[in-house]
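Before any comments, here is the structure.
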Amino acid sequence: MSEQNQHGGAEPQSQHTEHEHHIVSPVVYLTIVLILFVGTALTVWASYIDMGPWNPVIALAIACTKATLVVLFFMHVKYSTKLTKLTVICGIFVFLALIGMTLSDYISRAWGRW
Amino acid sequence: MSDSPAIAQGAVADAAHGHGEHPPYQRHHFETVDQQADATNFAMWLFLLTEIMFFGGLFTAYLIFRNWYYPAFVAASHQLNIGWGTANTAVLITSSFTMAMGVWCAELRKKSGLVLCLVLTFLLGLVFLGIKTIEYHEKWEKHHIPGMHYSMKSFTDPASDPEIYAEYHDKPMALDMARHTELYFFLYFAMTGMHAVHMIIGIAILGYLIVRAQVGDFTTGHVTYIENFGLYWHFVDIIWIFLFPLLYLISRHQ
């Protein structure tokens, strides 16, 4: 395993600057985690108010916001390569397309007989 | 692992290629450390996409069945304890934060900081599972686990379950609808159970990472393992971010 080489491996060859490795600071992490706590409190609070059909909509909107923050900052997608960004967006798109097609099937089969 | 020199002997290197020219954790089939980091990051995301599809199927099933058997799903979800659910959400978010801080420590080569963050994440993961166990145990006692001993009594005769009744005042449900509450609990256990399995796997990997971090394996500039494990841990957090409102919260008033 360990050769005791002293070059340390610190800097990746510096002529390769197409994508600078970005280190996200603790301040950003702290801000995000605080927003996530506020979001959690908000969604619990909102569930105690009767908004009829809007309760699930609000809950999902808050959940999506929280998930987006986690993906962008905790998972560093905001600072990632275009390849990673494209991969994430493609994944979400395919996921929504699959859910959308499944639901459209369920809705349209018993059309008018709900 | 990363520093085995034997791979890809006569690859592209123009001349004899000594190890003084690149960090020991760079594999020989990559030209640069950056390329290696990008490739592994891409692969990790592809894996996470398959996980999204996997959980997505469960979420879709929940969505459709909730619409079909709406009264049963509403009454059954009243059985979940919002207090425990909120506590677990807070625990998991905090563990995501300590994990993110772990990645930061690895980047800045702070060994003791990294070990501390990983241990905290490990412990918070265990707290999450502990709370989940309390909740599962409650379901066990009330015979709300799908199967031979499943009981619909809380739904056909809500007053027999005074704690929940005091809060929600659910009306007694006809038998043919009440039996669908079992489907709610089946999905509840499938979804939170698969989530818990991911937590257990994550905690096991964390144990391994803690041992290697203590030896200093991840504070030499080699952050790939820590970073990609972080992606996994945050992904598990995201699943819970959706499970919590969908299972616990959205039916409170219906």
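Convention: chains lettered A, B, ... in structure tokens order; per-chain residue numbering from 1; ligands numbered from 1 as shown.
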
**Close residues, Phe37 in chain A itself excluded, 12 Å, only C-alpha atoms, min 5 positions apart in chain, as a PyMOL selection string** = (chain A and resi 30-32+42-44+62-63+66+69) or (chain B and resi 86-94+96-97+241)

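For chain B, the residues having at least one atom no farther than 7 Å from chain A, when counting only C-alpha atoms, are B:Asp3, B:Ser4, B:Gly20, B:His22, B:Pro23, B:Val33, B:Asp34, B:Phe42, B:Leu49, B:Met53, B:Thr60, B:Ala90, B:Ile93, B:Phe97, B:Ala100, B:Met101, B:Trp104, B:Thr220, B:Gly221, B:Leu231, B:His234, B:Ile238, B:Ile241, B:Phe242, B:Pro245, B:Leu249, B:Ile250, B:Arg252, B:His253.
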
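Each of B:Leu206, B:Ser77, B:Tyr150, B:Gly85 was compared to Phe122 in chain B using only C-alpha atoms, and B:Leu206 turns out to be the nearest.
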
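Between CA of Gly83 in chain B and CA of Gly102 in chain B lies a distance of 28.7 Å.
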